[in-house]
$ cat run-v4.tsv   # TSV, C-alpha atoms
chain	number	residue	atom	x	y	z
A	135	MET	CA	0.00	0.00	0.00
A	136	GLY	CA	1.36	3.43	-0.95
A	137	MET	CA	2.05	5.73	1.96
A	138	ASN	CA	-0.44	8.27	0.65
A	139	LYS	CA	-3.35	5.88	0.34
A	140	LYS	CA	-6.00	6.54	2.97
A	141	ILE	CA	-6.53	3.46	5.12
A	142	THR	CA	-10.18	2.38	5.22
A	143	MET	CA	-12.23	0.07	7.43
A	144	LYS	CA	-12.37	-2.30	4.46
A	145	ASP	CA	-8.55	-2.59	4.47
A	146	ILE	CA	-8.59	-3.43	8.17
A	147	SER	CA	-11.41	-5.95	7.77
A	148	GLU	CA	-9.48	-7.81	5.03
A	149	ILE	CA	-6.32	-8.08	7.14
A	150	VAL	CA	-8.09	-9.17	10.33
A	151	GLY	CA	-10.42	-11.48	8.40
A	152	VAL	CA	-13.70	-10.08	9.70
A	153	SER	CA	-16.48	-8.11	8.02
A	154	LYS	CA	-16.41	-4.34	7.60
A	155	VAL	CA	-19.52	-4.20	9.82
A	156	THR	CA	-17.55	-5.89	12.63
A	157	VAL	CA	-14.75	-3.34	12.29
A	158	SER	CA	-17.31	-0.53	12.42
A	159	LYS	CA	-18.85	-2.06	15.55
A	160	VAL	CA	-15.43	-2.14	17.24
A	161	PHE	CA	-14.91	1.57	16.56
A	162	ASN	CA	-18.42	2.25	17.86
A	163	ASN	CA	-17.65	0.28	21.02
A	164	ARG	CA	-20.59	-2.08	20.58
A	165	ASP	CA	-20.65	-4.76	23.24
A	166	ASP	CA	-21.67	-7.60	20.91
A	167	ILE	CA	-18.05	-7.99	19.75
A	168	SER	CA	-15.64	-10.23	21.67
A	169	GLU	CA	-12.69	-8.60	23.42
A	170	GLU	CA	-10.37	-10.82	21.36
A	171	VAL	CA	-11.68	-9.46	18.03
A	172	LYS	CA	-11.74	-5.94	19.46
A	173	GLU	CA	-8.07	-6.10	20.47
A	174	LYS	CA	-7.08	-7.55	17.09
A	175	VAL	CA	-8.92	-4.86	15.09
A	176	LEU	CA	-7.51	-2.04	17.22
A	177	ARG	CA	-3.98	-3.46	16.98
A	178	VAL	CA	-4.14	-3.65	13.17
A	179	ALA	CA	-5.72	-0.19	13.01
A	180	ASN	CA	-2.88	1.24	15.09
A	181	GLU	CA	-0.20	-0.53	13.04
A	182	MET	CA	-1.68	0.77	9.78
A	183	GLY	CA	-2.03	4.28	11.17
A	184	TYR	CA	-5.82	4.26	10.83
A	185	ARG	CA	-7.27	7.23	12.73
A	186	TYR	CA	-10.11	6.38	15.05
A	187	ASN	CA	-11.33	7.94	18.25
A	188	PRO	CA	-8.79	6.94	20.94
A	189	GLY	CA	-11.61	7.01	23.47
A	190	VAL	CA	-12.69	3.56	22.25
A	191	LYS	CA	-12.59	1.40	25.33
A	192	THR	CA	-10.63	-1.83	25.34
A	193	MET	CA	-10.04	-4.35	28.08
A	194	LYS	CA	-6.68	-2.72	28.74
A	195	THR	CA	-7.79	0.88	29.20
A	196	GLY	CA	-11.32	0.29	30.48
A	197	VAL	CA	-12.34	3.95	30.62
A	198	THR	CA	-11.77	7.30	28.93
A	199	ARG	CA	-12.12	9.19	32.25
A	200	ASN	CA	-14.42	11.61	30.46
A	201	ILE	CA	-18.00	12.36	31.49
A	202	GLY	CA	-20.25	14.02	28.94
A	203	VAL	CA	-22.68	16.77	29.93
A	204	ILE	CA	-25.50	17.28	27.45
A	205	VAL	CA	-27.72	20.34	27.71
A	206	SER	CA	-30.26	21.87	25.35
A	207	ARG	CA	-29.04	25.18	23.95
A	208	LEU	CA	-32.43	26.60	24.99
A	209	PHE	CA	-31.43	26.30	28.65
A	210	LEU	CA	-28.28	28.37	28.17
A	211	GLU	CA	-29.87	31.49	26.71
A	212	ARG	CA	-28.29	34.84	27.30
A	213	TYR	CA	-29.86	35.47	30.69
A	214	GLU	CA	-30.20	31.93	31.96
A	215	ASP	CA	-27.71	30.94	34.65
A	216	PHE	CA	-29.41	28.10	36.52
A	217	TYR	CA	-27.79	25.29	34.53
A	218	VAL	CA	-24.52	27.20	34.27
A	219	HIS	CA	-24.30	27.00	38.08
A	220	ILE	CA	-25.04	23.28	38.09
A	221	PHE	CA	-22.40	22.80	35.38
A	222	LYS	CA	-19.81	24.60	37.54
A	223	HIS	CA	-20.61	22.26	40.42
A	224	LEU	CA	-20.38	19.25	38.07
A	225	LEU	CA	-16.97	20.48	36.99
A	226	GLN	CA	-15.73	20.78	40.58
A	227	GLN	CA	-17.03	17.35	41.50
A	228	ALA	CA	-15.52	15.75	38.37
A	229	GLU	CA	-12.12	17.33	39.11
A	230	ARG	CA	-12.23	16.02	42.67
A	231	SER	CA	-12.83	12.55	41.21
A	232	LYS	CA	-10.08	12.94	38.56
A	233	TYR	CA	-12.53	12.99	35.65
A	234	ASN	CA	-12.82	15.42	32.74
A	235	LEU	CA	-16.11	16.91	31.60
A	236	ILE	CA	-17.02	17.38	27.95
A	237	LEU	CA	-19.93	19.77	27.39
A	238	SER	CA	-22.20	19.24	24.40
A	239	LEU	CA	-24.98	21.68	23.51
A	240	VAL	CA	-27.93	20.17	21.68
A	241	GLN	CA	-29.77	22.20	19.06
A	242	LYS	CA	-33.50	21.95	18.45
A	243	HIS	CA	-33.02	20.47	14.94
A	244	GLN	CA	-30.74	17.73	16.35
A	245	ILE	CA	-33.52	16.64	18.69
A	246	GLN	CA	-36.12	16.68	15.90
A	247	GLU	CA	-33.85	14.63	13.62
A	248	MET	CA	-32.83	12.26	16.46
A	249	ASP	CA	-29.23	13.26	15.78
A	250	LEU	CA	-27.24	12.44	18.91
A	251	PRO	CA	-24.24	14.51	20.05
A	252	ASN	CA	-20.84	13.40	18.73
A	253	ILE	CA	-19.64	12.54	22.23
A	254	CYS	CA	-22.16	9.67	22.14
A	255	LYS	CA	-21.53	8.56	18.57
A	256	GLU	CA	-17.75	8.69	18.90
A	257	HIS	CA	-17.63	7.11	22.37
A	258	LYS	CA	-15.58	9.90	23.85
A	259	VAL	CA	-17.13	9.50	27.31
A	260	ASP	CA	-17.78	6.83	29.94
A	261	GLY	CA	-21.12	8.25	31.03
A	262	LEU	CA	-23.57	11.09	30.43
A	263	VAL	CA	-25.16	13.74	32.61
A	264	ILE	CA	-28.24	15.18	30.89
A	265	LEU	CA	-28.78	18.65	32.28
A	266	GLY	CA	-32.36	19.86	31.83
A	267	GLU	CA	-35.25	18.14	30.14
A	268	LEU	CA	-34.85	16.49	26.73
A	269	PRO	CA	-37.53	14.33	25.04
A	270	GLU	CA	-37.90	10.74	26.23
A	271	ASP	CA	-37.32	9.16	22.80
A	272	TYR	CA	-34.07	11.14	22.43
A	273	ILE	CA	-32.83	9.76	25.77
A	274	ARG	CA	-33.88	6.25	24.68
A	275	GLU	CA	-31.64	6.64	21.64
A	276	MET	CA	-28.72	7.51	23.96
A	277	LEU	CA	-29.39	4.42	26.08
A	278	LYS	CA	-28.48	2.25	23.08
A	279	TYR	CA	-24.85	3.18	23.67
A	280	ARG	CA	-24.95	1.27	26.94
A	281	MET	CA	-23.27	3.77	29.20
A	282	PRO	CA	-24.48	5.18	32.53
A	283	ILE	CA	-26.79	8.18	32.19
A	284	VAL	CA	-28.00	10.48	34.97
A	285	LEU	CA	-30.85	12.91	34.32
A	286	VAL	CA	-30.50	16.12	36.32
A	287	ASP	CA	-33.56	18.28	37.09
A	288	PHE	CA	-36.00	15.98	35.27
A	289	SER	CA	-37.08	12.36	35.26
A	290	PHE	CA	-39.06	9.82	33.23
A	291	ARG	CA	-41.20	7.28	35.03
A	292	ASP	CA	-40.85	4.65	32.29
A	293	LEU	CA	-37.11	4.95	31.67
A	294	ASP	CA	-34.72	2.66	33.51
A	295	VAL	CA	-32.22	5.42	34.14
A	296	ASP	CA	-30.94	7.39	37.16
A	297	SER	CA	-32.34	10.82	37.85
A	298	ILE	CA	-32.25	13.52	40.50
A	299	VAL	CA	-34.94	16.16	40.75
A	300	THR	CA	-36.12	18.83	43.14
A	301	ASN	CA	-39.40	18.09	44.86
A	302	ASN	CA	-41.03	20.74	42.67
A	303	PHE	CA	-44.57	19.91	43.76
A	304	GLU	CA	-43.86	20.23	47.49
A	305	ALA	CA	-41.62	23.29	47.07
A	306	SER	CA	-44.23	25.18	45.06
A	307	TYR	CA	-46.96	24.11	47.49
A	308	PHE	CA	-44.80	25.50	50.30
A	309	ALA	CA	-44.15	28.77	48.42
A	310	THR	CA	-47.88	29.26	47.82
A	311	LYS	CA	-48.73	28.40	51.42
A	312	TYR	CA	-46.10	30.93	52.52
A	313	LEU	CA	-48.05	33.64	50.63
A	314	ILE	CA	-51.36	32.43	52.08
A	315	ASP	CA	-49.86	32.56	55.60
A	316	LYS	CA	-48.89	36.17	54.88
A	317	GLY	CA	-52.55	37.00	54.30
A	318	HIS	CA	-52.76	36.69	50.49
A	319	ARG	CA	-56.03	35.30	49.14
A	320	ARG	CA	-55.90	36.16	45.43
A	321	ILE	CA	-52.78	34.50	44.06
A	322	GLY	CA	-51.66	34.03	40.46
A	323	PHE	CA	-49.13	31.77	38.74
A	324	VAL	CA	-46.64	32.62	35.99
A	325	GLY	CA	-45.53	29.73	33.80
A	326	ASN	CA	-46.55	27.49	30.93
A	327	ILE	CA	-47.14	23.95	32.19
A	328	LYS	CA	-46.59	22.54	28.68
A	329	THR	CA	-42.89	23.52	28.60
A	330	THR	CA	-41.35	21.15	31.20
A	331	LYS	CA	-42.38	18.55	33.75
A	332	SER	CA	-40.86	20.74	36.49
A	333	ILE	CA	-43.18	23.63	35.68
A	334	MET	CA	-46.15	21.28	35.52
A	335	ASP	CA	-45.28	20.00	39.03
A	336	ARG	CA	-44.77	23.54	40.33
A	337	TYR	CA	-48.18	24.53	39.00
A	338	LEU	CA	-49.83	21.50	40.59
A	339	GLY	CA	-48.20	22.26	43.95
A	340	PHE	CA	-49.57	25.81	43.65
A	341	CYS	CA	-53.05	24.39	42.90
A	342	LYS	CA	-52.93	22.08	45.92
A	343	ALA	CA	-52.26	25.00	48.29
A	344	ILE	CA	-55.02	27.09	46.69
A	345	TYR	CA	-57.61	24.29	46.91
A	346	GLU	CA	-56.54	23.19	50.37
A	347	HIS	CA	-57.24	26.70	51.69
A	348	ASP	CA	-60.59	27.00	49.87
A	349	LEU	CA	-59.36	29.84	47.66
A	350	ASP	CA	-60.46	30.52	44.09
A	351	LEU	CA	-58.22	29.42	41.28
A	352	ASN	CA	-58.79	32.32	38.92
A	353	GLU	CA	-57.88	31.46	35.30
A	354	ASP	CA	-57.23	35.16	34.62
A	355	TYR	CA	-54.39	35.07	37.13
A	356	ILE	CA	-52.52	32.28	35.29
A	357	ILE	CA	-49.98	33.89	32.96
A	358	LYS	CA	-47.95	32.14	30.26
A	359	GLU	CA	-44.60	33.89	29.86
A	360	ARG	CA	-43.47	31.38	27.18
A	361	ASP	CA	-45.22	29.54	24.38
A	362	ASP	CA	-45.31	25.74	24.15
A	363	ASP	CA	-41.95	25.75	22.32
A	364	LYS	CA	-40.30	27.65	25.20
A	365	ASN	CA	-40.07	30.96	23.27
A	366	GLU	CA	-40.61	34.04	25.42
A	367	LEU	CA	-43.94	35.83	25.08
A	368	ASP	CA	-44.39	39.56	25.62
A	369	TYR	CA	-47.59	39.37	27.64
A	370	GLU	CA	-49.74	42.25	28.85
A	371	LEU	CA	-50.85	42.56	32.48
A	372	GLN	CA	-54.54	43.09	33.11
A	373	ASP	CA	-55.89	45.83	35.37
A	374	ASP	CA	-57.44	43.28	37.70
A	375	LEU	CA	-54.40	41.77	39.44
A	376	PRO	CA	-54.01	39.32	42.32
A	377	THR	CA	-52.13	40.47	45.43
A	378	ALA	CA	-49.36	37.89	44.80
A	379	PHE	CA	-47.83	35.71	42.12
A	380	VAL	CA	-45.94	32.42	42.30
A	381	CYS	CA	-43.49	32.30	39.37
A	382	ASN	CA	-42.08	29.15	37.79
A	383	ASN	CA	-38.54	30.56	37.96
A	384	ASP	CA	-36.61	33.69	38.95
A	385	LYS	CA	-36.32	35.10	35.45
A	386	ALA	CA	-40.11	34.98	35.10
A	387	ALA	CA	-40.37	36.71	38.51
A	388	HIS	CA	-37.79	39.35	37.52
A	389	ASP	CA	-39.63	40.12	34.24
A	390	LEU	CA	-43.01	40.21	36.03
A	391	ILE	CA	-41.69	42.76	38.55
A	392	LYS	CA	-40.51	44.98	35.69
A	393	LYS	CA	-43.97	44.78	34.07
A	394	LEU	CA	-45.72	45.51	37.36
A	395	LYS	CA	-43.53	48.56	37.97
A	396	ALA	CA	-44.12	49.83	34.42
A	397	LYS	CA	-47.84	49.62	35.19
A	398	GLY	CA	-47.35	51.64	38.37
A	399	VAL	CA	-47.93	48.65	40.67
A	400	ARG	CA	-45.61	48.68	43.69
A	401	VAL	CA	-43.79	45.47	44.64
A	402	PRO	CA	-44.29	44.15	47.28
A	403	GLU	CA	-46.72	46.76	48.70
A	404	SER	CA	-49.47	46.22	46.11
A	405	CYS	CA	-48.36	42.91	44.62
A	406	SER	CA	-46.00	40.30	46.05
A	407	VAL	CA	-43.84	38.04	43.88
A	408	ILE	CA	-42.11	34.77	44.72
A	409	GLY	CA	-39.62	33.06	42.39
A	410	PHE	CA	-38.05	29.63	42.05
A	411	ASP	CA	-34.43	28.36	41.65
A	412	ASP	CA	-32.44	31.08	43.52
A	413	ALA	CA	-30.72	32.09	40.29
A	414	ALA	CA	-28.92	35.40	39.61
A	415	HIS	CA	-32.15	37.18	38.65
A	416	SER	CA	-33.37	36.93	42.22
A	417	VAL	CA	-30.59	39.21	43.51
A	418	PHE	CA	-30.28	41.49	40.44
A	419	SER	CA	-33.93	42.38	40.76
A	420	ASP	CA	-35.21	45.42	42.63
A	421	PRO	CA	-36.63	44.45	45.05
A	422	LYS	CA	-34.59	41.28	45.57
A	423	ILE	CA	-36.81	38.25	45.03
A	424	THR	CA	-38.00	35.84	47.70
A	425	THR	CA	-37.46	32.45	46.09
A	426	ILE	CA	-37.08	28.70	46.45
A	427	ARG	CA	-33.43	27.63	46.48
A	428	VAL	CA	-32.77	24.48	44.48
A	429	ARG	CA	-29.87	22.45	45.88
A	430	LYS	CA	-27.73	22.73	42.75
A	431	GLU	CA	-24.50	21.53	44.34
A	432	ALA	CA	-26.11	18.41	45.80
A	433	MET	CA	-27.60	17.57	42.39
A	434	ALA	CA	-24.21	17.92	40.69
A	435	GLU	CA	-22.39	15.83	43.29
A	436	TYR	CA	-24.98	13.07	43.03
A	437	ALA	CA	-24.78	12.99	39.22
A	438	VAL	CA	-20.99	12.63	39.01
A	439	ASN	CA	-20.74	10.16	41.91
A	440	ARG	CA	-23.58	8.08	40.48
A	441	ILE	CA	-21.88	7.69	37.11
A	442	ILE	CA	-18.63	6.66	38.81
A	443	SER	CA	-20.57	4.14	40.94
A	444	HIS	CA	-22.11	2.63	37.78
A	445	LEU	CA	-18.68	2.35	36.15
A	446	GLY	CA	-17.44	0.46	39.20
A	447	ASP	CA	-20.50	-1.79	39.47
A	448	LYS	CA	-22.19	-2.81	36.21
A	449	GLN	CA	-25.03	-4.50	38.14
A	450	LEU	CA	-26.07	-1.29	39.94
A	451	LYS	CA	-29.82	-0.70	39.61
A	452	SER	CA	-31.06	2.72	38.55
A	453	GLU	CA	-32.79	4.99	41.07
A	454	LYS	CA	-34.89	8.13	41.01
A	455	VAL	CA	-33.87	10.61	43.71
A	456	VAL	CA	-36.05	13.51	44.84
A	457	ILE	CA	-34.49	16.21	47.03
A	458	ASP	CA	-36.04	19.07	48.95
A	459	ALA	CA	-35.60	22.78	48.23
A	460	ASP	CA	-35.35	25.71	50.66
A	461	LEU	CA	-37.23	28.99	50.97
A	462	VAL	CA	-34.99	32.09	50.78
A	463	GLU	CA	-36.73	35.20	52.15
A	464	ARG	CA	-35.78	38.47	50.49
A	465	ASP	CA	-37.81	41.62	49.78
A	466	SER	CA	-40.54	40.82	47.22
A	467	VAL	CA	-43.28	39.54	49.54
A	468	SER	CA	-45.40	41.71	51.84
A	469	ASN	CA	-47.25	40.62	54.96
A	470	ARG	CA	-50.85	41.69	54.48
A	471	HIS	CA	-51.72	40.88	58.09
A	472	MET	CA	-49.24	43.52	59.29
A	473	GLU	CA	-50.42	46.22	56.90
A	474	GLY	CA	-54.10	45.46	56.99
A	475	GLY	CA	-53.48	46.31	53.34
A	476	GLY	CA	-57.04	46.55	52.07
A	477	PRO	CA	-59.06	43.56	50.89
A	478	ALA	CA	-56.86	40.52	50.32

$ encode --input "run-v4.tsv" --output "structure tokens"
Amino acid sequence: MGMNKKITMKDISEIVGVSKVTVSKVFNNRDDISEEVKEKVLRVANEMGYRYNPGVKTMKTGVTRNIGVIVSRLFLERYEDFYVHIFKHLLQQAERSKYNLILSLVQKHQIQEMDLPNICKEHKVDGLVILGELPEDYIREMLKYRMPIVLVDFSFRDLDVDSIVTNNFEASYFATKYLIDKGHRRIGFVGNIKTTKSIMDRYLGFCKAIYEHDLDLNEDYIIKERDDDKNELDYELQDDLPTAFVCNNDKAAHDLIKKLKAKGVRVPESCSVIGFDDAAHSVFSDPKITTIRVRKEAMAEYAVNRIISHLGDKQLKSEKVVIDADLVERDSVSNRHMEGGGPA
């Protein structure tokens, strides 16, 4: 063979005496190929100078010591920092465990076309952390690569895969009850329940508190700040407003406060606002936003440690972990009992 000729899988298959499909399976790290054949193919490939992803695992190396983090580009928009914070914690935890992280952003068209990130297809990682909700069938496609996957901040009941989520239902119930305990009786909700499971659960927790206290659930007080495809909506506030809103996240709360102020409504004197996540928006806002703090660091630590546990024990069963969140009191909620502030 001339030095300039590009080596192909076909060349390797002829020398080893296996089919081209088998060679392809070796480079794709499929587990239906014997270690013996795998070693032989990789040895010939190396000798011939064939370029393949060195992350392919063999019996000798075992692991790449890389963990992939996959996140939808939608969740890393210009003003979104919630998943950025979790990513930082993932990074710290991975470094402590002597692992590298490889971040992969998934575009909307990739999801629609079931086009998986290259880190999956090229076997550059030992496991995957999926940060923020992606469709179930897309995750199923990833499972075919037979590596540990941990879902962070979302879960699927029917998928045999690890996940860690905030107890969104209970946390939102608690946030709404907190407003009710402060004397609020007309309470609204900001969020589109069609966008993520988390928002659906937060809305249902809100509903439970409203119904449990025999309050009216007024449809006019439910505001969608995004459409079903997660695009922001520029909504108008009505004149008839509740005395408080529970928001599905801090950015929604921050934007609501700006709209209320533009309308001449004072926060929290005339309308209280409570957020969710304890993201940067909660402290950049004026007033600073009372919110629910999600335990981002605990989620990140669990995700990395769980993948490492799976790598050490192939028989480990998957689990779905739910962790609590904490109320952080700031300045965006008024106590109507104290003020006697007119009809609640």

$ closest_residue --input "run-v4.tsv" --among "A:Ile408, A:Leu262, A:Lys232, A:Gly325" --to "A:Lys311" --atoms "only C-alpha atoms"
A:Ile408

$ atom_distance --input "run-v4.tsv" --atom1 "atom CA of A:Tyr233" --atom2 "atom CA of A:Arg199"
5.1 Å

$ atom_distance --input "run-v4.tsv" --atom1 "atom CA of A:Ala437" --atom2 "atom CA of A:Met281"
13.7 Å

$ atom_distance --input "run-v4.tsv" --atom1 "atom CA of A:Glu173" --atom2 "atom CA of A:Ile253"
22.0 Å

$ closest_residue --input "run-v4.tsv" --among "A:Glu403, A:Glu453, A:Glu211, A:Glu181" --to "A:Ile283" --atoms "all atoms listed in the file"
A:Glu453

$ closest_residue --input "run-v4.tsv" --among "A:His471, A:Lys316, A:Lys140, A:His243" --to "A:Tyr184" --atoms "only C-alpha atoms"
A:Lys140

$ axis_aligned_box --input "run-v4.tsv" --around "stretch 451-462 of chain A" --padding-each-side "4 Å" --output "AutoDock Vina command-line options"
--center_x -33.5 --center_y 15.7 --center_z 44.8 --size_x 15.4 --size_y 40.8 --size_z 20.4

$ residues_near_point --input "run-v4.tsv" --point "(-38.5, 42.7, 35.0)" --cutoff "12 Å" --atoms "only C-alpha atoms" --output "list in words"
Glu359, Asp368, Asp384, Lys385, Ala386, Ala387, His388, Asp389, Leu390, Ile391, Lys392, Lys393, Leu394, Lys395, Ala396, Lys397, Val401, Val407, His415, Ser416, Phe418, Ser419, Asp420, Pro421, Lys422 and Ile423 of chain A

$ residues_around --input "run-v4.tsv" --residues "A:Arg320" --least-positions-apart "3" --cutoff "12 Å" --atoms "all atoms listed in the file" --output "count of residues only"
30

$ residues_around --input "run-v4.tsv" --residues "A:Val438" --least-positions-apart "5" --cutoff "8 Å" --atoms "only C-alpha atoms" --output "MDAnalysis selection string"
chainID A and resid 224 227:228 263

$ residues_around --input "run-v4.tsv" --residues "A:Phe209" --least-positions-apart "5" --cutoff "8 Å" --atoms "only C-alpha atoms" --output "number ranges by chain"
A: 214, 217, 266

$ residues_near_point --input "run-v4.tsv" --point "(-32.3, 18.8, 19.4)" --cutoff "12 Å" --atoms "only C-alpha atoms" --output "list in words"
Ile204, Val205, Ser206, Arg207, Leu208, Phe209, Ser238, Leu239, Val240, Gln241, Lys242, His243, Gln244, Ile245, Gln246, Glu247, Met248, Asp249, Leu250, Pro251, Glu267, Leu268, Pro269, Glu270, Asp271, Tyr272 and Ile273 of chain A

$ residues_around --input "run-v4.tsv" --residues "A:Tyr307" --least-positions-apart "6" --cutoff "8 Å" --atoms "only C-alpha atoms" --output "list in words"
Arg336, Leu338, Gly339, Phe340, Cys341, Lys342 and Ala343 of chain A

$ residues_around --input "run-v4.tsv" --residues "A:Ser289" --least-positions-apart "2" --cutoff "8 Å" --atoms "only C-alpha atoms" --output "count of residues only"
9

$ closest_residue --input "run-v4.tsv" --among "A:Thr330, A:Arg230, A:Phe308, A:Lys159" --to "A:Glu346" --atoms "only C-alpha atoms"
A:Phe308

$ closest_residue --input "run-v4.tsv" --among "A:Val150, A:Tyr312, A:Pro282, A:Thr142" --to "A:Leu450" --atoms "all atoms listed in the file"
A:Pro282

$ closest_residue --input "run-v4.tsv" --among "A:Phe290, A:Ala179, A:Cys254, A:Val324" --to "A:Arg164" --atoms "only C-alpha atoms"
A:Cys254

$ build_atoms --input "run-v4.tsv" --residues "stretch 198-211 of chain A" --atoms "N, CA and C atoms" --output "short mmCIF file (atom, residue, chain, number, x, y, z; two decimals), keeping the file's coordinate frame"
data_model
loop_
_atom_site.label_atom_id
_atom_site.label_comp_id
_atom_site.auth_asym_id
_atom_site.auth_seq_id
_atom_site.Cartn_x
_atom_site.Cartn_y
_atom_site.Cartn_z
N THR A 198 -12.37 6.09 29.53
CA THR A 198 -11.77 7.30 28.93
C THR A 198 -11.51 8.37 29.99
N ARG A 199 -12.14 8.20 31.16
CA ARG A 199 -12.12 9.19 32.25
C ARG A 199 -12.72 10.52 31.82
N ASN A 200 -13.64 10.44 30.86
CA ASN A 200 -14.42 11.61 30.46
C ASN A 200 -15.89 11.38 30.80
N ILE A 201 -16.54 12.41 31.30
CA ILE A 201 -18.00 12.36 31.49
C ILE A 201 -18.60 13.44 30.60
N GLY A 202 -19.59 13.06 29.82
CA GLY A 202 -20.25 14.02 28.94
C GLY A 202 -21.38 14.73 29.67
N VAL A 203 -21.53 16.02 29.40
CA VAL A 203 -22.68 16.77 29.93
C VAL A 203 -23.45 17.31 28.72
N ILE A 204 -24.69 16.86 28.59
CA ILE A 204 -25.50 17.28 27.45
C ILE A 204 -26.59 18.22 27.94
N VAL A 205 -26.69 19.37 27.31
CA VAL A 205 -27.72 20.34 27.71
C VAL A 205 -28.31 20.98 26.46
N SER A 206 -29.61 21.20 26.48
CA SER A 206 -30.26 21.87 25.35
C SER A 206 -29.81 23.32 25.31
N ARG A 207 -29.48 23.80 24.11
CA ARG A 207 -29.04 25.18 23.95
C ARG A 207 -30.08 26.16 24.50
N LEU A 208 -31.34 25.75 24.47
CA LEU A 208 -32.43 26.60 24.99
C LEU A 208 -32.21 26.99 26.45
N PHE A 209 -31.60 26.06 27.22
CA PHE A 209 -31.43 26.30 28.65
C PHE A 209 -30.22 27.18 28.96
N LEU A 210 -29.46 27.52 27.94
CA LEU A 210 -28.28 28.37 28.17
C LEU A 210 -28.42 29.68 27.40
N GLU A 211 -29.64 30.21 27.38
CA GLU A 211 -29.87 31.49 26.71
C GLU A 211 -29.10 32.59 27.43
#
